[in-house]
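Student: To be precise about what I am sending: the file is called structure.tsv and holds TSV, N, CA, C and O atoms and all ligand atoms.
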chain	number	residue	atom	x	y	z
A	37	MET	N	5.38	11.36	-8.47
A	37	MET	CA	4.99	9.99	-8.76
A	37	MET	C	5.82	9.02	-7.91
A	37	MET	O	7.03	9.14	-7.84
A	38	VAL	N	5.16	8.06	-7.28
A	38	VAL	CA	5.85	7.08	-6.46
A	38	VAL	C	6.30	5.90	-7.32
A	38	VAL	O	5.51	5.35	-8.08
A	39	SER	N	7.57	5.55	-7.22
A	39	SER	CA	8.10	4.44	-8.00
A	39	SER	C	8.36	3.25	-7.07
A	39	SER	O	8.92	3.42	-5.99
A	40	THR	N	7.96	2.06	-7.49
A	40	THR	CA	8.22	0.87	-6.69
A	40	THR	C	8.98	-0.15	-7.52
A	40	THR	O	8.84	-0.20	-8.74
A	41	THR	N	9.79	-0.96	-6.85
A	41	THR	CA	10.51	-2.02	-7.55
A	41	THR	C	9.57	-3.19	-7.77
A	41	THR	O	8.51	-3.30	-7.15
A	42	LEU	N	9.98	-4.08	-8.66
A	42	LEU	CA	9.18	-5.28	-8.91
A	42	LEU	C	9.02	-6.09	-7.64
A	42	LEU	O	7.94	-6.59	-7.32
A	43	ALA	N	10.10	-6.22	-6.87
A	43	ALA	CA	10.04	-6.99	-5.62
A	43	ALA	C	9.03	-6.38	-4.66
A	43	ALA	O	8.28	-7.11	-3.99
A	44	GLU	N	8.98	-5.05	-4.58
A	44	GLU	CA	8.01	-4.37	-3.71
A	44	GLU	C	6.59	-4.62	-4.20
A	44	GLU	O	5.67	-4.87	-3.40
A	45	ARG	N	6.38	-4.55	-5.52
A	45	ARG	CA	5.04	-4.79	-6.07
A	45	ARG	C	4.58	-6.21	-5.74
A	45	ARG	O	3.42	-6.44	-5.41
A	46	MET	N	5.50	-7.17	-5.83
A	46	MET	CA	5.13	-8.56	-5.63
A	46	MET	C	4.74	-8.87	-4.19
A	46	MET	O	4.04	-9.85	-3.93
A	47	THR	N	5.18	-8.05	-3.24
A	47	THR	CA	4.80	-8.29	-1.85
A	47	THR	C	3.38	-7.84	-1.55
A	47	THR	O	2.86	-8.12	-0.48
A	48	THR	N	2.75	-7.14	-2.48
A	48	THR	CA	1.40	-6.62	-2.23
A	48	THR	C	0.31	-7.45	-2.91
A	48	THR	O	-0.84	-7.06	-2.91
A	49	VAL	N	0.69	-8.57	-3.49
A	49	VAL	CA	-0.29	-9.38	-4.21
A	49	VAL	C	-0.16	-10.85	-3.85
A	49	VAL	O	0.88	-11.31	-3.40
A	50	ARG	N	-1.26	-11.57	-4.04
A	50	ARG	CA	-1.27	-13.03	-3.86
A	50	ARG	C	-1.71	-13.65	-5.17
A	50	ARG	O	-2.58	-13.12	-5.86
A	51	PHE	N	-1.15	-14.82	-5.50
A	51	PHE	CA	-1.50	-15.49	-6.75
A	51	PHE	C	-2.01	-16.90	-6.47
A	51	PHE	O	-1.45	-17.62	-5.66
A	52	ARG	N	-3.07	-17.25	-7.17
A	52	ARG	CA	-3.57	-18.62	-7.15
A	52	ARG	C	-3.81	-19.01	-8.62
A	52	ARG	O	-4.92	-18.81	-9.14
A	53	PRO	N	-2.75	-19.46	-9.30
A	53	PRO	CA	-2.84	-19.68	-10.75
A	53	PRO	C	-3.95	-20.66	-11.14
A	53	PRO	O	-4.22	-21.63	-10.41
A	54	ASP	N	-4.56	-20.39	-12.28
A	54	ASP	CA	-5.56	-21.29	-12.85
A	54	ASP	C	-4.86	-22.57	-13.30
A	54	ASP	O	-3.64	-22.59	-13.50
A	55	HIS	N	-5.64	-23.64	-13.46
A	55	HIS	CA	-5.05	-24.90	-13.92
A	55	HIS	C	-4.52	-24.76	-15.34
A	55	HIS	O	-3.48	-25.30	-15.69
A	56	GLU	N	-5.25	-24.03	-16.17
A	56	GLU	CA	-4.82	-23.76	-17.54
A	56	GLU	C	-4.32	-22.32	-17.62
A	56	GLU	O	-4.90	-21.44	-16.99
A	57	PRO	N	-3.26	-22.05	-18.38
A	57	PRO	CA	-2.77	-20.67	-18.52
A	57	PRO	C	-3.88	-19.75	-19.03
A	57	PRO	O	-4.56	-20.09	-19.99
A	58	HIS	N	-4.06	-18.60	-18.39
A	58	HIS	CA	-5.08	-17.66	-18.86
A	58	HIS	C	-4.54	-16.77	-19.98
A	58	HIS	O	-5.30	-16.05	-20.62
A	59	ILE	N	-3.23	-16.81	-20.20
A	59	ILE	CA	-2.61	-16.12	-21.32
A	59	ILE	C	-1.76	-17.14	-22.07
A	59	ILE	O	-0.96	-17.85	-21.47
A	60	VAL	N	-1.96	-17.21	-23.38
A	60	VAL	CA	-1.16	-18.10	-24.22
A	60	VAL	C	-0.48	-17.25	-25.28
A	60	VAL	O	-1.12	-16.42	-25.93
A	61	VAL	N	0.81	-17.43	-25.44
A	61	VAL	CA	1.60	-16.68	-26.42
A	61	VAL	C	1.97	-17.62	-27.56
A	61	VAL	O	2.50	-18.71	-27.33
A	62	ASP	N	1.64	-17.19	-28.78
A	62	ASP	CA	1.91	-18.00	-29.97
A	62	ASP	C	3.32	-17.73	-30.47
A	62	ASP	O	3.58	-16.70	-31.11
A	63	GLY	N	4.23	-18.64	-30.18
A	63	GLY	CA	5.63	-18.46	-30.53
A	63	GLY	C	5.87	-18.33	-32.02
A	63	GLY	O	6.82	-17.67	-32.45
A	64	ASP	N	5.01	-18.93	-32.85
A	64	ASP	CA	5.19	-18.83	-34.30
A	64	ASP	C	4.99	-17.39	-34.77
A	64	ASP	O	5.69	-16.92	-35.66
A	65	ILE	N	4.02	-16.70	-34.16
A	65	ILE	CA	3.78	-15.30	-34.54
A	65	ILE	C	4.87	-14.42	-33.96
A	65	ILE	O	5.35	-13.49	-34.62
A	66	CYS	N	5.31	-14.70	-32.77
A	66	CYS	CA	6.35	-13.90	-32.11
A	66	CYS	C	7.68	-13.96	-32.86
A	66	CYS	O	8.49	-13.03	-32.78
A	67	ARG	N	7.90	-15.04	-33.57
A	67	ARG	CA	9.19	-15.23	-34.24
A	67	ARG	C	9.52	-14.10	-35.21
A	67	ARG	O	10.68	-13.73	-35.39
A	68	ASP	N	8.49	-13.52	-35.83
A	68	ASP	CA	8.72	-12.45	-36.81
A	68	ASP	C	8.63	-11.07	-36.19
A	68	ASP	O	8.74	-10.06	-36.89
A	69	CYS	N	8.42	-10.98	-34.89
A	69	CYS	CA	8.25	-9.68	-34.22
A	69	CYS	C	9.62	-9.05	-33.97
A	69	CYS	O	10.52	-9.70	-33.47
A	70	SER	N	9.73	-7.78	-34.30
A	70	SER	CA	11.00	-7.09	-34.07
A	70	SER	C	10.92	-6.12	-32.89
A	70	SER	O	11.94	-5.66	-32.39
A	71	LEU	N	9.70	-5.81	-32.44
A	71	LEU	CA	9.55	-4.82	-31.38
A	71	LEU	C	9.61	-5.42	-29.97
A	71	LEU	O	10.10	-4.81	-29.04
A	72	HIS	N	9.05	-6.63	-29.82
A	72	HIS	CA	9.00	-7.30	-28.51
A	72	HIS	C	8.44	-6.37	-27.44
A	72	HIS	O	8.98	-6.28	-26.33
A	73	THR	N	7.38	-5.70	-27.78
A	73	THR	CA	6.75	-4.75	-26.86
A	73	THR	C	6.37	-5.38	-25.53
A	73	THR	O	6.51	-4.75	-24.47
A	74	CYS	N	5.93	-6.60	-25.57
A	74	CYS	CA	5.47	-7.29	-24.36
A	74	CYS	C	6.57	-7.31	-23.29
A	74	CYS	O	6.29	-7.19	-22.10
A	75	VAL	N	7.81	-7.47	-23.73
A	75	VAL	CA	8.93	-7.58	-22.77
A	75	VAL	C	9.06	-6.28	-21.97
A	75	VAL	O	9.39	-6.31	-20.78
A	76	TYR	N	8.79	-5.15	-22.61
A	76	TYR	CA	9.02	-3.86	-21.97
A	76	TYR	C	7.82	-3.32	-21.21
A	76	TYR	O	7.98	-2.49	-20.30
A	77	VAL	N	6.62	-3.78	-21.56
A	77	VAL	CA	5.44	-3.19	-20.93
A	77	VAL	C	4.90	-3.99	-19.74
A	77	VAL	O	4.15	-3.45	-18.92
A	78	CYS	N	5.23	-5.25	-19.64
A	78	CYS	CA	4.64	-6.08	-18.57
A	78	CYS	C	5.17	-5.63	-17.20
A	78	CYS	O	6.36	-5.73	-16.93
A	79	PRO	N	4.29	-5.16	-16.31
A	79	PRO	CA	4.74	-4.69	-15.01
A	79	PRO	C	5.22	-5.81	-14.09
A	79	PRO	O	5.88	-5.54	-13.08
A	80	ALA	N	4.90	-7.06	-14.43
A	80	ALA	CA	5.33	-8.19	-13.62
A	80	ALA	C	6.57	-8.87	-14.20
A	80	ALA	O	7.03	-9.87	-13.65
A	81	ASP	N	7.06	-8.35	-15.33
A	81	ASP	CA	8.29	-8.86	-15.94
A	81	ASP	C	8.17	-10.34	-16.31
A	81	ASP	O	9.07	-11.14	-16.04
A	82	LEU	N	7.05	-10.70	-16.95
A	82	LEU	CA	6.78	-12.11	-17.23
A	82	LEU	C	7.21	-12.56	-18.63
A	82	LEU	O	7.16	-13.74	-18.93
A	83	PHE	N	7.58	-11.61	-19.49
A	83	PHE	CA	8.05	-11.95	-20.84
A	83	PHE	C	9.56	-11.80	-20.88
A	83	PHE	O	10.10	-10.77	-20.48
A	84	THR	N	10.25	-12.82	-21.38
A	84	THR	CA	11.70	-12.77	-21.49
A	84	THR	C	12.10	-13.05	-22.94
A	84	THR	O	11.65	-14.04	-23.53
A	85	LEU	N	12.92	-12.16	-23.49
A	85	LEU	CA	13.44	-12.36	-24.84
A	85	LEU	C	14.70	-13.22	-24.76
A	85	LEU	O	15.68	-12.84	-24.12
A	86	LEU	N	14.66	-14.38	-25.38
A	86	LEU	CA	15.81	-15.29	-25.35
A	86	LEU	C	16.79	-14.95	-26.47
A	86	LEU	O	16.46	-14.23	-27.41
A	87	SER	N	18.00	-15.47	-26.36
A	87	SER	CA	19.06	-15.12	-27.31
A	87	SER	C	18.74	-15.56	-28.74
A	87	SER	O	19.25	-14.99	-29.70
A	88	ASP	N	17.88	-16.56	-28.89
A	88	ASP	CA	17.51	-17.00	-30.25
A	88	ASP	C	16.34	-16.21	-30.82
A	88	ASP	O	15.82	-16.54	-31.89
A	89	GLY	N	15.89	-15.19	-30.09
A	89	GLY	CA	14.80	-14.33	-30.58
A	89	GLY	C	13.42	-14.79	-30.16
A	89	GLY	O	12.43	-14.10	-30.44
A	90	SER	N	13.31	-15.93	-29.50
A	90	SER	CA	12.01	-16.41	-29.07
A	90	SER	C	11.64	-15.78	-27.72
A	90	SER	O	12.48	-15.21	-27.02
A	91	ILE	N	10.36	-15.92	-27.36
A	91	ILE	CA	9.84	-15.33	-26.14
A	91	ILE	C	9.50	-16.42	-25.14
A	91	ILE	O	8.82	-17.40	-25.47
A	92	LEU	N	10.01	-16.27	-23.92
A	92	LEU	CA	9.66	-17.16	-22.81
A	92	LEU	C	8.62	-16.43	-21.97
A	92	LEU	O	8.83	-15.27	-21.60
A	93	PHE	N	7.49	-17.08	-21.66
A	93	PHE	CA	6.43	-16.43	-20.92
A	93	PHE	C	5.96	-17.31	-19.77
A	93	PHE	O	5.82	-18.51	-19.91
A	94	ASN	N	5.73	-16.68	-18.61
A	94	ASN	CA	5.22	-17.38	-17.42
A	94	ASN	C	3.95	-16.68	-16.96
A	94	ASN	O	3.99	-15.49	-16.63
A	95	HIS	N	2.82	-17.37	-16.92
A	95	HIS	CA	1.54	-16.73	-16.59
A	95	HIS	C	1.27	-16.69	-15.09
A	95	HIS	O	0.33	-16.04	-14.64
A	96	GLU	N	2.08	-17.35	-14.28
A	96	GLU	CA	1.70	-17.64	-12.89
A	96	GLU	C	1.71	-16.43	-11.96
A	96	GLU	O	1.11	-16.48	-10.90
A	97	GLN	N	2.41	-15.36	-12.28
A	97	GLN	CA	2.41	-14.18	-11.42
A	97	GLN	C	1.90	-12.95	-12.19
A	97	GLN	O	2.39	-11.84	-12.03
A	98	CYS	N	0.87	-13.20	-12.96
A	98	CYS	CA	0.29	-12.16	-13.81
A	98	CYS	C	-0.65	-11.28	-13.00
A	98	CYS	O	-1.49	-11.76	-12.25
A	99	PHE	N	-0.53	-9.96	-13.17
A	99	PHE	CA	-1.41	-8.99	-12.49
A	99	PHE	C	-2.78	-8.86	-13.17
A	99	PHE	O	-3.64	-8.13	-12.69
A	100	GLU	N	-2.95	-9.49	-14.34
A	100	GLU	CA	-4.21	-9.42	-15.11
A	100	GLU	C	-4.54	-7.99	-15.53
A	100	GLU	O	-5.70	-7.60	-15.57
A	101	CYS	N	-3.52	-7.22	-15.84
A	101	CYS	CA	-3.74	-5.83	-16.23
A	101	CYS	C	-4.14	-5.69	-17.70
A	101	CYS	O	-4.73	-4.68	-18.10
A	102	GLY	N	-3.82	-6.68	-18.53
A	102	GLY	CA	-4.16	-6.63	-19.95
A	102	GLY	C	-3.22	-5.81	-20.81
A	102	GLY	O	-3.44	-5.68	-22.02
A	103	THR	N	-2.18	-5.26	-20.23
A	103	THR	CA	-1.28	-4.38	-20.98
A	103	THR	C	-0.61	-5.10	-22.15
A	103	THR	O	-0.51	-4.54	-23.25
A	104	CYS	N	-0.15	-6.31	-21.94
A	104	CYS	CA	0.53	-7.03	-23.02
A	104	CYS	C	-0.41	-7.24	-24.20
A	104	CYS	O	-0.01	-7.11	-25.37
A	105	TYR	N	-1.66	-7.56	-23.91
A	105	TYR	CA	-2.65	-7.83	-24.96
A	105	TYR	C	-2.91	-6.58	-25.79
A	105	TYR	O	-3.03	-6.62	-27.01
A	106	ILE	N	-2.95	-5.43	-25.11
A	106	ILE	CA	-3.20	-4.16	-25.80
A	106	ILE	C	-1.96	-3.70	-26.56
A	106	ILE	O	-2.04	-3.19	-27.68
A	107	ALA	N	-0.79	-3.89	-25.97
A	107	ALA	CA	0.45	-3.35	-26.55
A	107	ALA	C	0.99	-4.19	-27.70
A	107	ALA	O	1.69	-3.66	-28.56
A	108	CYS	N	0.69	-5.47	-27.73
A	108	CYS	CA	1.22	-6.34	-28.79
A	108	CYS	C	0.67	-5.89	-30.15
A	108	CYS	O	-0.54	-5.68	-30.29
A	109	ASN	N	1.54	-5.79	-31.12
A	109	ASN	CA	1.13	-5.30	-32.44
A	109	ASN	C	0.87	-6.43	-33.43
A	109	ASN	O	0.70	-6.18	-34.61
A	110	ARG	N	0.85	-7.66	-32.96
A	110	ARG	CA	0.64	-8.80	-33.86
A	110	ARG	C	-0.69	-9.49	-33.53
A	110	ARG	O	-0.86	-10.04	-32.43
A	111	GLU	N	-1.59	-9.47	-34.50
A	111	GLU	CA	-2.90	-10.10	-34.34
A	111	GLU	C	-2.73	-11.59	-33.98
A	111	GLU	O	-2.01	-12.32	-34.66
A	112	GLY	N	-3.35	-12.00	-32.89
A	112	GLY	CA	-3.37	-13.41	-32.51
A	112	GLY	C	-2.15	-13.90	-31.75
A	112	GLY	O	-2.11	-15.07	-31.36
A	113	ALA	N	-1.16	-13.04	-31.54
A	113	ALA	CA	0.04	-13.50	-30.83
A	113	ALA	C	-0.26	-13.81	-29.37
A	113	ALA	O	0.31	-14.73	-28.79
A	114	ILE	N	-1.17	-13.03	-28.78
A	114	ILE	CA	-1.53	-13.26	-27.38
A	114	ILE	C	-3.01	-13.59	-27.28
A	114	ILE	O	-3.86	-12.84	-27.76
A	115	SER	N	-3.31	-14.72	-26.68
A	115	SER	CA	-4.70	-15.07	-26.34
A	115	SER	C	-4.86	-14.80	-24.86
A	115	SER	O	-4.10	-15.34	-24.04
A	116	TRP	N	-5.85	-14.00	-24.49
A	116	TRP	CA	-5.97	-13.49	-23.13
A	116	TRP	C	-7.38	-13.70	-22.62
A	116	TRP	O	-8.34	-13.41	-23.32
A	117	ARG	N	-7.51	-14.20	-21.41
A	117	ARG	CA	-8.82	-14.31	-20.75
A	117	ARG	C	-8.56	-14.14	-19.26
A	117	ARG	O	-7.42	-14.20	-18.79
A	118	TYR	N	-9.62	-13.93	-18.49
A	118	TYR	CA	-9.45	-13.91	-17.04
A	118	TYR	C	-9.37	-15.35	-16.53
A	118	TYR	O	-10.00	-16.25	-17.10
A	119	PRO	N	-8.61	-15.60	-15.45
A	119	PRO	CA	-8.60	-16.94	-14.84
A	119	PRO	C	-9.99	-17.31	-14.35
A	119	PRO	O	-10.84	-16.43	-14.15
A	120	GLY	N	-10.22	-18.61	-14.13
A	120	GLY	CA	-11.50	-19.07	-13.63
A	120	GLY	C	-11.78	-18.55	-12.22
A	120	GLY	O	-10.88	-18.03	-11.54
A	121	GLY	N	-13.03	-18.68	-11.77
A	121	GLY	CA	-13.46	-18.17	-10.47
A	121	GLY	C	-12.57	-18.64	-9.33
A	121	GLY	O	-12.26	-19.83	-9.23
A	122	GLY	N	-12.16	-17.70	-8.48
A	122	GLY	CA	-11.32	-18.04	-7.33
A	122	GLY	C	-9.85	-18.17	-7.66
A	122	GLY	O	-9.03	-18.41	-6.77
A	123	ARG	N	-9.52	-18.04	-8.94
A	123	ARG	CA	-8.11	-18.18	-9.36
A	123	ARG	C	-7.57	-16.81	-9.79
A	123	ARG	O	-8.32	-15.87	-10.01
A	124	GLY	N	-6.25	-16.74	-9.91
A	124	GLY	CA	-5.63	-15.52	-10.39
A	124	GLY	C	-5.08	-14.66	-9.27
A	124	GLY	O	-4.76	-15.14	-8.19
A	125	VAL	N	-5.01	-13.37	-9.53
A	125	VAL	CA	-4.35	-12.45	-8.61
A	125	VAL	C	-5.35	-11.88	-7.60
A	125	VAL	O	-6.53	-11.69	-7.89
A	126	THR	N	-4.86	-11.64	-6.38
A	126	THR	CA	-5.62	-10.93	-5.36
A	126	THR	C	-4.75	-9.78	-4.86
A	126	THR	O	-3.60	-10.00	-4.46
A	127	PHE	N	-5.29	-8.56	-4.91
A	127	PHE	CA	-4.54	-7.39	-4.45
A	127	PHE	C	-4.88	-7.12	-2.99
A	127	PHE	O	-6.01	-7.27	-2.56
A	128	ARG	N	-3.90	-6.69	-2.22
A	128	ARG	CA	-4.14	-6.36	-0.83
A	128	ARG	C	-3.36	-5.09	-0.49
A	128	ARG	O	-2.57	-4.60	-1.30
A	129	ASP	N	-3.54	-4.57	0.72
A	129	ASP	CA	-2.99	-3.27	1.08
A	129	ASP	C	-1.51	-3.30	1.46
A	129	ASP	O	-0.78	-2.36	1.21
A	130	SER	N	-1.04	-4.35	2.10
A	130	SER	CA	0.35	-4.33	2.57
A	130	SER	C	1.02	-5.66	2.33
A	130	SER	O	0.40	-6.60	1.92
B	201	LIG	S1	3.70	-11.21	-27.79
B	201	LIG	FE1	3.44	-9.62	-29.36
B	201	LIG	S2	4.92	-8.02	-28.82
B	201	LIG	FE2	5.51	-9.88	-27.71
B	201	LIG	S3	7.03	-10.87	-29.06
B	201	LIG	FE3	5.01	-11.77	-29.52
B	201	LIG	S4	4.25	-10.57	-31.26
B	201	LIG	FE4	5.91	-9.36	-30.31
B	202	LIG	S1	-1.73	-9.08	-18.24
B	202	LIG	FE1	-0.27	-7.53	-17.40
B	202	LIG	S2	0.90	-8.60	-15.80
B	202	LIG	FE2	-0.15	-10.17	-17.05
B	202	LIG	S3	1.37	-10.79	-18.55
B	202	LIG	FE3	0.12	-9.15	-19.51
B	202	LIG	S4	1.20	-7.23	-19.06
B	202	LIG	FE4	2.06	-8.82	-17.71
Translate this structure into structure tokens?
Ligand code: SF4
Ligand code: SF4

Tutor:
Amino acid sequence: MVSTTLAERMTTVRFRPDHEPHIVVDGDICRDCSLHTCVYVCPADLFTLLSDGSILFNHEQCFECGTCYIACNREGAISWRYPGGGRGVTFRDS
């Protein structure tokens, strides 16, 4: 299996963020979460657990893989949609 660093992965993609976040994280629901699965599964490292237990999230370099939405164990904590036409991630070869 080939392993790549986050920096290497980021050189293979282009981002054109949507005007509105395509992923919204509900901090009120996250407050009671003890697993913080999103922090560990996101391949773009976009979820950060802060010292007060809250979650900081940045949608702008999202790979649109859907992993956080599937892995989160709290109903409604993550609202997920694809970015609008022409927006979001573009994958390329090199
Ligand atoms: S997004 Fe889901 S997994 Fe992540 S902290 Fe919130 S409730 Fe927990
Ligand atoms: S869709 Fe994938 S890349 Fe985007 S925030 Fe969720 S896990 Fe991270």

Student: Each side padded by 3 Å, which centre and which edge lengths in Å (one decimal) define the axis-aligned box around the listed atoms of ligand LIG 202 (chain B)? Give them as JSON.

Tutor:
{"center_x": 0.2, "center_y": -9.0, "center_z": -17.7, "size_x": 9.8, "size_y": 9.6, "size_z": 9.7}

Student: Taking only residues of chain A that have an atom at most 7 Å from an atom of ligand LIG 201 (chain B), what is each one's shortest atom pair and its distance in Å to one decimal, using only N, CA, C and O atoms and all ligand atoms, in chain and number order, as a tab-separated table?

Tutor:
residue	atom	partner	partner_atom	distance
A:Val61	CA	B:LIG201	S1	6.0
A:Asp62	O	B:LIG201	FE3	5.4
A:Gly63	CA	B:LIG201	FE3	6.8
A:Ile65	O	B:LIG201	S4	4.6
A:Cys66	CA	B:LIG201	FE3	3.6
A:Arg67	N	B:LIG201	FE3	6.0
A:Asp68	C	B:LIG201	S4	6.6
A:Cys69	CA	B:LIG201	FE4	4.6
A:Ser70	N	B:LIG201	FE4	5.7
A:Leu71	C	B:LIG201	FE4	5.4
A:His72	CA	B:LIG201	S3	4.1
A:Thr73	N	B:LIG201	S2	3.5
A:Cys74	N	B:LIG201	S2	3.7
A:Val75	N	B:LIG201	FE2	5.2
A:Gly89	O	B:LIG201	S3	6.4
A:Ser90	C	B:LIG201	S3	6.9
A:Ile91	CA	B:LIG201	S3	6.0
A:Cys104	O	B:LIG201	FE1	5.8
A:Ala107	O	B:LIG201	S2	5.4
A:Cys108	CA	B:LIG201	FE1	4.0
A:Asn109	N	B:LIG201	FE1	4.6
A:Arg110	N	B:LIG201	S4	4.8
A:Glu111	N	B:LIG201	S4	6.8
A:Ala113	O	B:LIG201	S1	5.0
A:Ile114	N	B:LIG201	S1	5.3

Student: To one decimal place, how far is atom CA of Thr84 of chain A from atom FE2 of ligand LIG 202 (chain B) in Å?

Tutor: 12.9 Å

Student: Rounded to one decimal in Å, what is the spacing between atom N of Asn94 of chain A and atom N of Leu82 of chain A?

Tutor: 6.3 Å

Student: Assign secondary structure with DSSP using the backbone only, and return the residues of segment 38-105 of chain A in helix (DSSP H, G or I) as a PyMOL selection string.

Tutor: chain A and resi 42-46+63-66+73-77+103-105

Student: Can you tell me, as a ChimeraX atom specification, which residues in chain A count as strand (DSSP E or B) by DSSP?

Tutor: /A:49-52,59-61,83-85,91-93,114-116,124-127

Student: Identify the residues around (-1.2, -11.2, -5.4) within a radius of 4.5 Å, measuring from only N, CA, C and O atoms in the coordinates stated by the file, and give them as a PyMOL selection string.

Tutor: chain A and resi 49-51+126

Student: What does the distance between atom CA of Glu56 of chain A and atom CA of Cys78 of chain A come to in Å, to one decimal place?

Tutor: 20.1 Å

Student: Closest to ligand LIG 202 (chain B) among A:Thr103, A:Phe93, A:Gly122, A:Ala43, using all atoms listed in the file?

Tutor: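 Using all atoms listed in the file, the shortest distance to ligand LIG 202 (chain B) belongs to A:Thr103.
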
Student: Of the candidates A:Arg123, A:Arg117, A:Arg128, A:Arg45, which shows the shortest atom-to-atom distance to ligand LIG 202 (chain B), using only N, CA, C and O atoms and all ligand atoms?

Tutor: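 Ranking A:Arg123, A:Arg117, A:Arg128, A:Arg45 by distance to ligand LIG 202 (chain B), first place goes to A:Arg117.
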
Student: May I ask which of the residues A:Val38, A:Tyr105, A:Asp54, A:Asp88 is the closest one to ligand LIG 202 (chain B), counting only C-alpha atoms and all ligand atoms?

Tutor: A:Tyr105

Student: Pick from A:Ile59, A:Pro53, A:Gly102, A:Ser87: nearest to ligand LIG 202 (chain B), with only C-alpha atoms and all ligand atoms counted?

Tutor: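 Closest candidate: A:Gly102.
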
Student: Using only C-alpha atoms, which residues sit within 10 Å of His55 of chain A once same-chain residues fewer than 3 positions away are excluded, as a ChimeraX atom specification?

Tutor: /A:52,58,96,119-120,123

Student: Rank A:Gly121, A:Phe127, A:Phe83, A:Gly112 by their smallest atom-to-atom distance to ligand LIG 202 (chain B), using only C-alpha atoms and all ligand atoms, and report the top residue only.

Tutor: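 Using only C-alpha atoms and all ligand atoms, ligand LIG 202 (chain B) sits closest to A:Phe83.
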
Student: Choose the residue, out of A:Met46, A:Ile106, A:Asp64, A:Gln97, that has the smallest atom-to-atom separation from Gly124 of chain A; count only N, CA, C and O atoms.

Tutor: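 Counting only N, CA, C and O atoms, the residue closest to Gly124 of chain A is A:Gln97.
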